[in-house]
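Here is the structure we will look at, set down as C-alpha cells.
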Amino acid sequence: MRGAREMGLDSVGGLANHMIMAKLGPEGTGSLACVSRRFRDWADDDSLWSTFCADELHLLSPLDPLGNPMPTFKAAYQVWREAFGMYPWPLVTRVKRCWDRLKSWLVANFPEALATLRKGASEDKINKLENALQVNLPVPTRVLYRFCDGQALMSAEFSGHMLGNPLGLIGGYSFYDHEVNVYLLPLSQIVRETKKIARRMGFNSRSEYIVMANSSTNSAKIFILNCANGQLYVGTQNFARDGGLIPCVPNELINLRPDSERMRQQDAMLLWLEEHGSRLHDGIIKLREEGNIRSINLFPEQAPHCTAAMTNGVKVRASAVLAPEFSDLNDGSAKYMFSYSIRMSLLPEGCIINGLSFASCQLYWRHLFFHANDDLISDVEGEAVIGKFPLLHQGEAEFVYESCTPLTSSSGSVEGSFTFVPGR
C-alpha cells in the first residue's frame with residue numbers, strides 16, 4: 001500500500017478518505033488500515049462499518065447472526081464474516097436477503113407464521129444431518145438452513161374446517177375436500193421423513209434424495225431435493241409407487257459451482273424460496289381468511305397469472321395452480337391435474353341491464369371450455385357451480401369456488417361464460 005502515500009492520501013481530509021474507503025469496501029478498507037496509524041483511525045470509524053453492514057447485510061443496528069446486539073458495527077461485521085467464513089460471501093448476503101424478504105412480509109402480513117420460523121442451524125447440526133442421511137447438501141441449501149432451520153409447527157386446534165396447521169410458509173390451496181398447506185421442514189424432521197420415505201420406496205442407503213417440505217394437512221404433498229444435482233422436485237400421485245417427480249425450477253438455472261463465470265452459485269431451493277418471496281411481496285399470492293383461519297393461498301391474484309372480466313357490473317376473476325399430488329405422468333389423458341379458482345362479485349353500482357340497475361344477481365348457468373395447449377379437452381355446461389347458486393349483492397365480498405380438471409399437457413387454458421339472473 002505504499003502507493004497510498006505516493007497518491008497523497010495522507011494529506012486528503014477525513015471526509016474524503018471516508019468516501020474513498022466506502023468505495024473500496026470492507027476488504028480494501030482493511031488493507032488501507034495497515035498503511036499508517038491515521039488510516040487505521042479512519043478505518044475504525046463506525047459510521048463507515050454501518051454503511052458496509054447496511055449495504056451487504058441490510059443491518060440497521062449492530063447485531064450478530066443470532067440477533068444479539070454487538071458494541072459496534074465493525075464488531076458485528078467481523079462476527080458475521082467469521083460465522084460464515086466457510087462459504088462464498090456473495091452467496092451468504094444473497095441468502096440473507098432472501099430470508100429478510102420473506103420475514104419482512106410475514107411481519108407485516110402473517111406474524112403468526114413468522115413465530116414458527118426456527119433459529120438458524122449450526123454447522124454441527126447440518127453435519128449431523130449429512131452423516132445420518134449420507135448426503136452432502138448443496139452449499140446454497142446449507143446456507144439457507146444456517147439462517148433458518150425450517151418451521152416448528154406445534155399441533156394445535158384451529159376452529160374451522162381445515163384439517164392440519166394453516167401456518168405453512170409455502171402455503172397451499174383447497175378444492176372440494178382436498179386441502180394442502182406446505183411448510184418447510186426442520187433438519188430433525190428432514191432426517192425422519194427421508195428415512196420413512198426411503199423405507200417405503202426401497203431407496204438404497206446412498207440415495208441423494210431428501211425430503212425438504214410437505215403438507216401439514218391430511219392431503220399429501222411432498223418436496224424432494226436431489227443433493228447431487230441441486231434440483232428440487234415435487235411428488236406426483238404415483239410418487240409412492242414409482243417415484244414420479246416434477247422438477248420445480250428449470251435445470252439450466254441451477255449452478256452448484258462457486259467459481260463459475262456463467263452464473264451465480266444457486267440451487268433449486270434458493271431459487272424456489274426467492275421466487276416465493278417475490279410473489280408474496282408483489283401481491284401475486286396473498287393470505288386468504290376463512291372464518292378465523294388465515295393461510296397463504298397459492299391461487300394467483302394479479303395479472304398475468306390471474307385474469308378478470310367485467311360484464312354488466314359483474315366481475316369474475318380466475319386463476320389456476322398445478323396440483324402435482326393428483327397428477328399422474330404415466331396417464332396419457334390426465335398427466336397434469338390443475339386446480340382453478342373462480343371469484344365472482346357484484347360491483348357497487350350493481351348489475352346493469354338495459355340501463356336499469358339491480359342490487360343483486362344470482363348465478364344460473366355456466367359454460368366452460370378446457371384446453372391443453374390448443375386442443376379442446378372438455379366442454380362443461382350446466383346449472384350452478386359445485387352445487388351452489390351464489391347470490392351476489394352490491395359491493396359484498398367475492399363468492400369463491402374451486403374445482404379441478406385434468407389436462408394432457410403442462411400448459412393450458414379455460415374460457416367460458418357465466419349466466420346471471422338479475423335480482424331486485
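Ordering of the C-alpha cells sets the chain letters (A, B, ...); residue numbers start at 1 within each chain; ligands are numbered from 1 in the order shown.
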
Which parts of range 175-377 of chain A does DSSP call strand (DSSP E) when run on the backbone here, written out as JSON, numbers by chain?
{"A": [175, 178, 179, 180, 181, 182, 183, 184, 209, 210, 211, 212, 213, 214, 215, 222, 223, 224, 225, 226, 232, 233, 234, 235, 245, 246, 247, 286, 287, 288, 289, 290, 293, 294, 295, 296, 297, 307, 308, 309, 310, 311, 314, 315, 316, 317, 318, 319, 320, 321, 322, 336, 337, 338, 339, 340, 341, 342, 343, 344, 345, 346, 351, 352, 353, 356, 357, 358, 360, 361, 362, 363, 364, 365, 366, 367, 368, 369, 370, 371, 372, 375, 376, 377]}

Tell me, as number ranges by chain, which residues lie within 12 Å of Arg97 in chain A, counting only C-alpha atoms; anything in the same chain fewer than 2 positions away does not count.
A: 54-59, 90-95, 99-104, 143-144, 147, 270, 273-274, 277-278

Output N, CA, C and O atoms for every residue in the selection just made, as an mmCIF file, in the first residue's frame.
```cif
data_model
loop_
_atom_site.group_PDB
_atom_site.id
_atom_site.type_symbol
_atom_site.label_atom_id
_atom_site.label_comp_id
_atom_site.auth_asym_id
_atom_site.auth_seq_id
_atom_site.Cartn_x
_atom_site.Cartn_y
_atom_site.Cartn_z
ATOM 1 N N ALA A 54 -25.041 -2.113 6.268
ATOM 2 C CA ALA A 54 -26.313 -1.830 5.599
ATOM 3 C C ALA A 54 -26.289 -2.314 4.156
ATOM 4 O O ALA A 54 -27.254 -2.923 3.675
ATOM 5 N N ASP A 55 -25.176 -2.062 3.460
ATOM 6 C CA ASP A 55 -25.089 -2.425 2.044
ATOM 7 C C ASP A 55 -25.068 -3.939 1.844
ATOM 8 O O ASP A 55 -25.745 -4.467 0.949
ATOM 9 N N GLU A 56 -24.289 -4.658 2.654
ATOM 10 C CA GLU A 56 -24.087 -6.083 2.413
ATOM 11 C C GLU A 56 -25.048 -6.969 3.204
ATOM 12 O O GLU A 56 -25.436 -8.033 2.721
ATOM 13 N N LEU A 57 -25.424 -6.534 4.416
ATOM 14 C CA LEU A 57 -26.216 -7.390 5.289
ATOM 15 C C LEU A 57 -27.592 -6.813 5.622
ATOM 16 O O LEU A 57 -28.374 -7.450 6.325
ATOM 17 N N HIS A 58 -27.851 -5.602 5.131
ATOM 18 C CA HIS A 58 -29.127 -4.920 5.419
ATOM 19 C C HIS A 58 -29.358 -4.802 6.932
ATOM 20 O O HIS A 58 -30.486 -4.932 7.405
ATOM 21 N N LEU A 59 -28.279 -4.555 7.671
ATOM 22 C CA LEU A 59 -28.368 -4.361 9.121
ATOM 23 C C LEU A 59 -28.475 -2.875 9.427
ATOM 24 O O LEU A 59 -27.624 -2.082 9.008
ATOM 25 N N PRO A 90 -20.682 -13.580 -1.294
ATOM 26 C CA PRO A 90 -21.840 -13.139 -2.088
ATOM 27 C C PRO A 90 -23.051 -14.058 -1.914
ATOM 28 O O PRO A 90 -24.197 -13.587 -1.922
ATOM 29 N N LEU A 91 -22.812 -15.355 -1.745
ATOM 30 C CA LEU A 91 -23.918 -16.281 -1.519
ATOM 31 C C LEU A 91 -24.550 -16.040 -0.155
ATOM 32 O O LEU A 91 -25.787 -16.063 -0.013
ATOM 33 N N VAL A 92 -23.735 -15.780 0.850
ATOM 34 C CA VAL A 92 -24.247 -15.518 2.199
ATOM 35 C C VAL A 92 -25.155 -14.292 2.198
ATOM 36 O O VAL A 92 -26.271 -14.318 2.741
ATOM 37 N N THR A 93 -24.699 -13.195 1.592
ATOM 38 C CA THR A 93 -25.503 -11.972 1.588
ATOM 39 C C THR A 93 -26.776 -12.158 0.768
ATOM 40 O O THR A 93 -27.829 -11.602 1.101
ATOM 41 N N ARG A 94 -26.698 -12.954 -0.286
ATOM 42 C CA ARG A 94 -27.893 -13.231 -1.096
ATOM 43 C C ARG A 94 -28.920 -14.030 -0.300
ATOM 44 O O ARG A 94 -30.116 -13.730 -0.335
ATOM 45 N N VAL A 95 -28.465 -15.051 0.420
ATOM 46 C CA VAL A 95 -29.387 -15.851 1.224
ATOM 47 C C VAL A 95 -29.998 -15.000 2.332
ATOM 48 O O VAL A 95 -31.196 -15.118 2.628
ATOM 49 N N TRP A 99 -34.081 -14.423 3.051
ATOM 50 C CA TRP A 99 -34.814 -14.601 4.310
ATOM 51 C C TRP A 99 -35.369 -13.282 4.828
ATOM 52 O O TRP A 99 -36.480 -13.227 5.370
ATOM 53 N N ASP A 100 -34.613 -12.192 4.683
ATOM 54 C CA ASP A 100 -35.112 -10.882 5.124
ATOM 55 C C ASP A 100 -36.388 -10.522 4.377
ATOM 56 O O ASP A 100 -37.332 -9.967 4.966
ATOM 57 N N ARG A 101 -36.428 -10.826 3.093
ATOM 58 C CA ARG A 101 -37.598 -10.505 2.274
ATOM 59 C C ARG A 101 -38.817 -11.305 2.740
ATOM 60 O O ARG A 101 -39.913 -10.770 2.888
ATOM 61 N N LEU A 102 -38.608 -12.595 2.989
ATOM 62 C CA LEU A 102 -39.708 -13.431 3.474
ATOM 63 C C LEU A 102 -40.187 -12.962 4.849
ATOM 64 O O LEU A 102 -41.386 -12.831 5.098
ATOM 65 N N LYS A 103 -39.233 -12.688 5.735
ATOM 66 C CA LYS A 103 -39.605 -12.310 7.101
ATOM 67 C C LYS A 103 -40.284 -10.944 7.147
ATOM 68 O O LYS A 103 -41.206 -10.737 7.949
ATOM 69 N N SER A 104 -39.848 -10.020 6.313
ATOM 70 C CA SER A 104 -40.484 -8.701 6.326
ATOM 71 C C SER A 104 -41.938 -8.799 5.886
ATOM 72 O O SER A 104 -42.810 -8.095 6.417
ATOM 73 N N VAL A 143 -26.501 -22.911 3.462
ATOM 74 C CA VAL A 143 -26.542 -21.529 3.941
ATOM 75 C C VAL A 143 -27.977 -21.147 4.304
ATOM 76 O O VAL A 143 -28.210 -20.450 5.299
ATOM 77 N N LEU A 144 -28.955 -21.601 3.521
ATOM 78 C CA LEU A 144 -30.359 -21.328 3.858
ATOM 79 C C LEU A 144 -30.686 -21.821 5.261
ATOM 80 O O LEU A 144 -31.356 -21.127 6.034
ATOM 81 N N PHE A 147 -29.399 -19.862 8.290
ATOM 82 C CA PHE A 147 -30.211 -18.705 8.665
ATOM 83 C C PHE A 147 -31.533 -19.107 9.307
ATOM 84 O O PHE A 147 -32.051 -18.382 10.158
ATOM 85 N N LEU A 270 -32.849 -22.395 -3.195
ATOM 86 C CA LEU A 270 -32.674 -20.955 -3.101
ATOM 87 C C LEU A 270 -33.547 -20.239 -4.131
ATOM 88 O O LEU A 270 -34.245 -19.268 -3.811
ATOM 89 N N LEU A 273 -37.311 -20.413 -3.045
ATOM 90 C CA LEU A 273 -37.678 -19.514 -1.958
ATOM 91 C C LEU A 273 -37.600 -18.047 -2.385
ATOM 92 O O LEU A 273 -38.409 -17.226 -1.946
ATOM 93 N N GLU A 274 -36.636 -17.708 -3.237
ATOM 94 C CA GLU A 274 -36.568 -16.332 -3.747
ATOM 95 C C GLU A 274 -37.813 -15.994 -4.565
ATOM 96 O O GLU A 274 -38.387 -14.912 -4.421
ATOM 97 N N GLY A 277 -40.794 -15.531 -2.220
ATOM 98 C CA GLY A 277 -40.750 -14.226 -1.566
ATOM 99 C C GLY A 277 -41.164 -13.106 -2.504
ATOM 100 O O GLY A 277 -41.879 -12.175 -2.107
ATOM 101 N N SER A 278 -40.731 -13.186 -3.758
ATOM 102 C CA SER A 278 -41.098 -12.151 -4.734
ATOM 103 C C SER A 278 -42.599 -12.154 -4.991
ATOM 104 O O SER A 278 -43.229 -11.096 -5.092
#
```

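Picture a line from CA of Ala372 in chain A to CA of Ser319 in chain A; it runs 15.4 Å.
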
Please produce, as JSON lines, a per-residue contact table for range 283-390 of chain A versus range 180-187 of chain A (criterion: any atom at most 10 Å away, only C-alpha atoms considered), showing the nearest atom pair and its distance in Å to one decimal, sorted by chain then residue number.
```
{"residue": "A:Ser295", "atom": "CA", "partner": "A:Asn181", "partner_atom": "CA", "distance": 7.9}
{"residue": "A:Ile296", "atom": "CA", "partner": "A:Asn181", "partner_atom": "CA", "distance": 8.0}
{"residue": "A:Asn297", "atom": "CA", "partner": "A:Asn181", "partner_atom": "CA", "distance": 8.6}
{"residue": "A:Leu298", "atom": "CA", "partner": "A:Asn181", "partner_atom": "CA", "distance": 9.5}
{"residue": "A:Ala323", "atom": "CA", "partner": "A:Val180", "partner_atom": "CA", "distance": 9.5}
{"residue": "A:Glu325", "atom": "CA", "partner": "A:Val180", "partner_atom": "CA", "distance": 9.7}
```

Using only C-alpha atoms, what table do you get, as a tab-separated table, when you list each residue of range 167-240 of chain A with an atom no more than 12 Å from range 283-288 of chain A, its nearest pair of atoms, and their distance in Å rounded to one decimal, rows by chain then rising number?
```
residue	atom	partner	partner_atom	distance
A:Leu167	CA	A:Leu287	CA	10.6
A:Gly168	CA	A:Leu287	CA	11.4
A:Leu169	CA	A:Leu287	CA	11.1
A:Ile170	CA	A:Ile285	CA	10.5
A:Gly171	CA	A:Leu287	CA	8.9
A:Gly172	CA	A:Ile285	CA	10.2
A:Tyr173	CA	A:Arg288	CA	9.6
A:Ser174	CA	A:Arg288	CA	11.1
```

Would you export the selected residues with N, CA and C atoms as a PDB file, in the first residue's frame, please?
```pdb
ATOM      1  N   LEU A 167     -50.316 -22.636   9.004  1.00  0.00           N
ATOM      2  CA  LEU A 167     -49.242 -21.646   9.088  1.00  0.00           C
ATOM      3  C   LEU A 167     -48.024 -21.968   8.218  1.00  0.00           C
ATOM      4  N   GLY A 168     -48.185 -22.829   7.232  1.00  0.00           N
ATOM      5  CA  GLY A 168     -47.058 -23.187   6.377  1.00  0.00           C
ATOM      6  C   GLY A 168     -46.501 -21.991   5.626  1.00  0.00           C
ATOM      7  N   LEU A 169     -45.184 -21.882   5.597  1.00  0.00           N
ATOM      8  CA  LEU A 169     -44.523 -20.772   4.905  1.00  0.00           C
ATOM      9  C   LEU A 169     -44.796 -20.806   3.409  1.00  0.00           C
ATOM     10  N   ILE A 170     -44.879 -21.994   2.837  1.00  0.00           N
ATOM     11  CA  ILE A 170     -45.082 -22.120   1.394  1.00  0.00           C
ATOM     12  C   ILE A 170     -46.552 -21.961   1.036  1.00  0.00           C
ATOM     13  N   GLY A 171     -47.446 -22.353   1.939  1.00  0.00           N
ATOM     14  CA  GLY A 171     -48.866 -22.173   1.701  1.00  0.00           C
ATOM     15  C   GLY A 171     -49.477 -23.300   0.895  1.00  0.00           C
ATOM     16  N   GLY A 172     -50.658 -23.045   0.323  1.00  0.00           N
ATOM     17  CA  GLY A 172     -51.336 -24.107  -0.392  1.00  0.00           C
ATOM     18  C   GLY A 172     -52.616 -23.657  -1.059  1.00  0.00           C
ATOM     19  N   TYR A 173     -53.574 -24.570  -1.132  1.00  0.00           N
ATOM     20  CA  TYR A 173     -54.826 -24.342  -1.843  1.00  0.00           C
ATOM     21  C   TYR A 173     -55.809 -25.409  -1.399  1.00  0.00           C
ATOM     22  N   SER A 174     -57.057 -25.256  -1.816  1.00  0.00           N
ATOM     23  CA  SER A 174     -58.060 -26.269  -1.487  1.00  0.00           C
ATOM     24  C   SER A 174     -59.081 -26.341  -2.601  1.00  0.00           C
TER      25      SER A 174
END
```

Using only C-alpha atoms, determine which residues lie at most 9 Å from Asn136 in chain A, disregarding the query and same-chain residues fewer than 4 positions distant; provide the list as a list in words.
Asn127, Glu130, Asn131, Glu208, Cys227 and Ala228 of chain A

How would the residues just picked look written out with N, CA, C and O atoms as a CSV table (one decimal), in the first residue's frame?
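In the end it all went to out_1.csv:
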```csv
chain,number,residue,atom,x,y,z
A,127,ASN,N,-24.0,-30.9,9.8
A,127,ASN,CA,-23.1,-32.1,9.5
A,127,ASN,C,-23.7,-33.4,10.0
A,127,ASN,O,-23.6,-34.4,9.4
A,130,GLU,N,-26.1,-34.6,7.4
A,130,GLU,CA,-25.4,-35.2,6.3
A,130,GLU,C,-24.9,-36.6,6.7
A,130,GLU,O,-25.0,-37.5,5.9
A,131,ASN,N,-24.4,-36.8,7.9
A,131,ASN,CA,-23.9,-38.1,8.3
A,131,ASN,C,-25.1,-39.1,8.5
A,131,ASN,O,-24.9,-40.2,8.1
A,208,GLU,N,-29.5,-39.9,-3.0
A,208,GLU,CA,-29.2,-38.4,-2.8
A,208,GLU,C,-30.4,-37.6,-2.6
A,208,GLU,O,-30.4,-36.4,-2.5
A,227,CYS,N,-29.6,-33.9,-3.7
A,227,CYS,CA,-28.4,-33.3,-3.2
A,227,CYS,C,-27.3,-33.3,-4.3
A,227,CYS,O,-26.3,-32.5,-4.2
A,228,ALA,N,-27.4,-34.2,-5.2
A,228,ALA,CA,-26.3,-34.4,-6.2
A,228,ALA,C,-26.4,-33.3,-7.3
A,228,ALA,O,-25.3,-32.7,-7.7
```

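The coordinates place CA of Pro324 in chain A at 8.0 Å from CA of Phe338 in chain A.
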
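Omitting Leu117 in chain A and its sequence neighbours fewer than 5 positions away, and counting only C-alpha atoms, the residues within 7 Å are Cys148, Gly150, Gln151 and Ala152 of chain A.
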
Taking only range 259-328 of chain A into account, list the residues labelled helix (DSSP H, G or I) by DSSP (computed from the backbone), as a PyMOL selection string.
chain A and resi 268-281+324-326

Write the residues of the selection above to a file with all heavy atoms, as a tab-separated table (two decimals), in the first residue's frame.
```tsv
chain	number	residue	atom	x	y	z
A	268	ALA	N	-31.87	-25.21	-6.55
A	268	ALA	CA	-33.31	-25.01	-6.72
A	268	ALA	C	-33.98	-24.52	-5.44
A	268	ALA	O	-34.96	-23.77	-5.51
A	268	ALA	CB	-33.96	-26.31	-7.20
A	269	MET	N	-33.49	-24.94	-4.27
A	269	MET	CA	-34.09	-24.48	-3.02
A	269	MET	C	-34.01	-22.97	-2.90
A	269	MET	O	-34.99	-22.30	-2.54
A	269	MET	CB	-33.40	-25.13	-1.82
A	269	MET	CG	-33.91	-26.50	-1.44
A	269	MET	SD	-35.61	-26.50	-0.83
A	269	MET	CE	-35.47	-25.53	0.66
A	270	LEU	N	-32.85	-22.40	-3.19
A	270	LEU	CA	-32.67	-20.95	-3.10
A	270	LEU	C	-33.55	-20.24	-4.13
A	270	LEU	O	-34.24	-19.27	-3.81
A	270	LEU	CB	-31.20	-20.58	-3.29
A	270	LEU	CG	-30.86	-19.09	-3.31
A	270	LEU	CD1	-31.36	-18.39	-2.06
A	270	LEU	CD2	-29.35	-18.89	-3.46
A	271	LEU	N	-33.54	-20.71	-5.36
A	271	LEU	CA	-34.35	-20.09	-6.41
A	271	LEU	C	-35.84	-20.17	-6.08
A	271	LEU	O	-36.60	-19.22	-6.30
A	271	LEU	CB	-34.07	-20.77	-7.75
A	271	LEU	CG	-32.69	-20.51	-8.35
A	271	LEU	CD1	-32.41	-21.49	-9.48
A	271	LEU	CD2	-32.57	-19.08	-8.85
A	272	TRP	N	-36.26	-21.31	-5.54
A	272	TRP	CA	-37.67	-21.54	-5.19
A	272	TRP	C	-38.12	-20.57	-4.10
A	272	TRP	O	-39.17	-19.94	-4.21
A	272	TRP	CB	-37.81	-22.99	-4.74
A	272	TRP	CG	-39.18	-23.49	-4.46
A	272	TRP	CD1	-40.26	-23.47	-5.28
A	272	TRP	CD2	-39.61	-24.14	-3.25
A	272	TRP	NE1	-41.34	-24.08	-4.68
A	272	TRP	CE2	-40.97	-24.50	-3.43
A	272	TRP	CE3	-38.98	-24.47	-2.06
A	272	TRP	CZ2	-41.71	-25.16	-2.45
A	272	TRP	CZ3	-39.72	-25.13	-1.08
A	272	TRP	CH2	-41.05	-25.47	-1.27
A	273	LEU	N	-37.31	-20.41	-3.04
A	273	LEU	CA	-37.68	-19.51	-1.96
A	273	LEU	C	-37.60	-18.05	-2.39
A	273	LEU	O	-38.41	-17.23	-1.95
A	273	LEU	CB	-36.79	-19.76	-0.75
A	273	LEU	CG	-37.08	-21.05	0.03
A	273	LEU	CD1	-36.06	-21.25	1.15
A	273	LEU	CD2	-38.50	-21.04	0.61
A	274	GLU	N	-36.64	-17.71	-3.24
A	274	GLU	CA	-36.57	-16.33	-3.75
A	274	GLU	C	-37.81	-15.99	-4.57
A	274	GLU	O	-38.39	-14.91	-4.42
A	274	GLU	CB	-35.31	-16.15	-4.60
A	274	GLU	CG	-34.02	-16.04	-3.80
A	274	GLU	CD	-32.81	-15.87	-4.67
A	274	GLU	OE1	-32.81	-16.38	-5.82
A	274	GLU	OE2	-31.84	-15.23	-4.23
A	275	GLU	N	-38.24	-16.91	-5.42
A	275	GLU	CA	-39.42	-16.67	-6.23
A	275	GLU	C	-40.66	-16.58	-5.35
A	275	GLU	O	-41.54	-15.72	-5.58
A	275	GLU	CB	-39.60	-17.81	-7.25
A	275	GLU	CG	-40.88	-17.75	-8.07
A	275	GLU	CD	-40.97	-16.54	-8.98
A	275	GLU	OE1	-39.93	-15.92	-9.26
A	275	GLU	OE2	-42.10	-16.21	-9.42
A	276	HIS	N	-40.74	-17.41	-4.32
A	276	HIS	CA	-41.87	-17.37	-3.40
A	276	HIS	C	-41.93	-16.01	-2.69
A	276	HIS	O	-43.01	-15.40	-2.60
A	276	HIS	CB	-41.74	-18.50	-2.38
A	276	HIS	CG	-42.93	-18.68	-1.49
A	276	HIS	ND1	-44.20	-18.91	-1.97
A	276	HIS	CD2	-43.05	-18.65	-0.13
A	276	HIS	CE1	-45.04	-19.02	-0.97
A	276	HIS	NE2	-44.37	-18.87	0.16
A	277	GLY	N	-40.79	-15.53	-2.22
A	277	GLY	CA	-40.75	-14.23	-1.57
A	277	GLY	C	-41.16	-13.11	-2.50
A	277	GLY	O	-41.88	-12.17	-2.11
A	278	SER	N	-40.73	-13.19	-3.76
A	278	SER	CA	-41.10	-12.15	-4.73
A	278	SER	C	-42.60	-12.15	-4.99
A	278	SER	O	-43.23	-11.10	-5.09
A	278	SER	CB	-40.34	-12.38	-6.05
A	278	SER	OG	-38.96	-12.18	-5.87
A	279	ARG	N	-43.18	-13.34	-5.09
A	279	ARG	CA	-44.63	-13.42	-5.34
A	279	ARG	C	-45.43	-12.88	-4.16
A	279	ARG	O	-46.47	-12.24	-4.35
A	279	ARG	CB	-45.03	-14.86	-5.65
A	279	ARG	CG	-44.57	-15.33	-7.03
A	279	ARG	CD	-45.09	-16.71	-7.37
A	279	ARG	NE	-44.82	-17.00	-8.77
A	279	ARG	CZ	-45.69	-17.57	-9.60
A	279	ARG	NH1	-46.89	-17.91	-9.17
A	279	ARG	NH2	-45.37	-17.80	-10.86
A	280	LEU	N	-44.96	-13.12	-2.96
A	280	LEU	CA	-45.64	-12.56	-1.79
A	280	LEU	C	-45.55	-11.04	-1.78
A	280	LEU	O	-46.55	-10.34	-1.60
A	280	LEU	CB	-45.04	-13.14	-0.51
A	280	LEU	CG	-45.35	-14.61	-0.21
A	280	LEU	CD1	-44.47	-15.11	0.93
A	280	LEU	CD2	-46.82	-14.80	0.15
A	281	HIS	N	-44.34	-10.50	-1.98
A	281	HIS	CA	-44.15	-9.05	-1.94
A	281	HIS	C	-44.88	-8.35	-3.07
A	281	HIS	O	-45.36	-7.22	-2.89
A	281	HIS	CB	-42.66	-8.71	-1.97
A	281	HIS	CG	-42.04	-8.63	-0.62
A	281	HIS	ND1	-42.05	-7.48	0.14
A	281	HIS	CD2	-41.41	-9.57	0.12
A	281	HIS	CE1	-41.44	-7.72	1.30
A	281	HIS	NE2	-41.04	-8.97	1.31
A	324	PRO	N	-49.79	-31.22	-8.28
A	324	PRO	CA	-48.96	-32.37	-8.65
A	324	PRO	C	-49.35	-33.64	-7.92
A	324	PRO	O	-49.17	-34.75	-8.46
A	324	PRO	CB	-47.54	-31.91	-8.29
A	324	PRO	CG	-47.73	-30.83	-7.28
A	324	PRO	CD	-49.01	-30.16	-7.65
A	325	GLU	N	-49.86	-33.50	-6.70
A	325	GLU	CA	-50.21	-34.69	-5.92
A	325	GLU	C	-51.37	-35.47	-6.54
A	325	GLU	O	-51.61	-36.62	-6.15
A	325	GLU	CB	-50.53	-34.30	-4.48
A	325	GLU	CG	-51.77	-33.43	-4.30
A	325	GLU	CD	-51.53	-31.96	-4.52
A	325	GLU	OE1	-50.47	-31.59	-5.07
A	325	GLU	OE2	-52.40	-31.16	-4.13
A	326	PHE	N	-52.07	-34.87	-7.51
A	326	PHE	CA	-53.13	-35.57	-8.25
A	326	PHE	C	-52.74	-35.82	-9.70
A	326	PHE	O	-53.56	-36.28	-10.49
A	326	PHE	CB	-54.43	-34.77	-8.21
A	326	PHE	CG	-55.22	-34.97	-6.95
A	326	PHE	CD1	-55.89	-33.89	-6.36
A	326	PHE	CD2	-55.30	-36.20	-6.35
A	326	PHE	CE1	-56.62	-34.06	-5.20
A	326	PHE	CE2	-56.03	-36.39	-5.19
A	326	PHE	CZ	-56.70	-35.33	-4.61
```

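The gap separating CA of Tyr145 in chain A from CA of Gln265 in chain A is 16.1 Å, in Å to one decimal.
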
Which polymer residues have any atom within 7 Å of an atom of Gly164 in chain A, counting only C-alpha atoms, with same-chain residues fewer than 3 positions away left out, as a ChimeraX atom specification?
/A:216-218

Any chance you can output those residues with N, CA and C atoms as a tab-separated table (two decimals), in the first residue's frame?
```
chain	number	residue	atom	x	y	z
A	216	SER	N	-48.96	-30.04	5.90
A	216	SER	CA	-49.33	-30.33	7.29
A	216	SER	C	-50.77	-30.84	7.38
A	217	THR	N	-51.47	-30.85	6.26
A	217	THR	CA	-52.88	-31.25	6.27
A	217	THR	C	-53.01	-32.74	5.99
A	218	ASN	N	-54.25	-33.18	5.85
A	218	ASN	CA	-54.48	-34.59	5.58
A	218	ASN	C	-54.22	-34.97	4.14
```

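Of the listed residues A:Asp267, A:Glu261, A:Asp46, A:Glu415, the one whose atoms come nearest to Tyr233 in chain A is A:Asp267, with distances taken using only C-alpha atoms.
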
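Closest approach to Asn312 in chain A among A:Val421, A:Ile190, A:Leu153, A:Val249: A:Val421, based on only C-alpha atoms.
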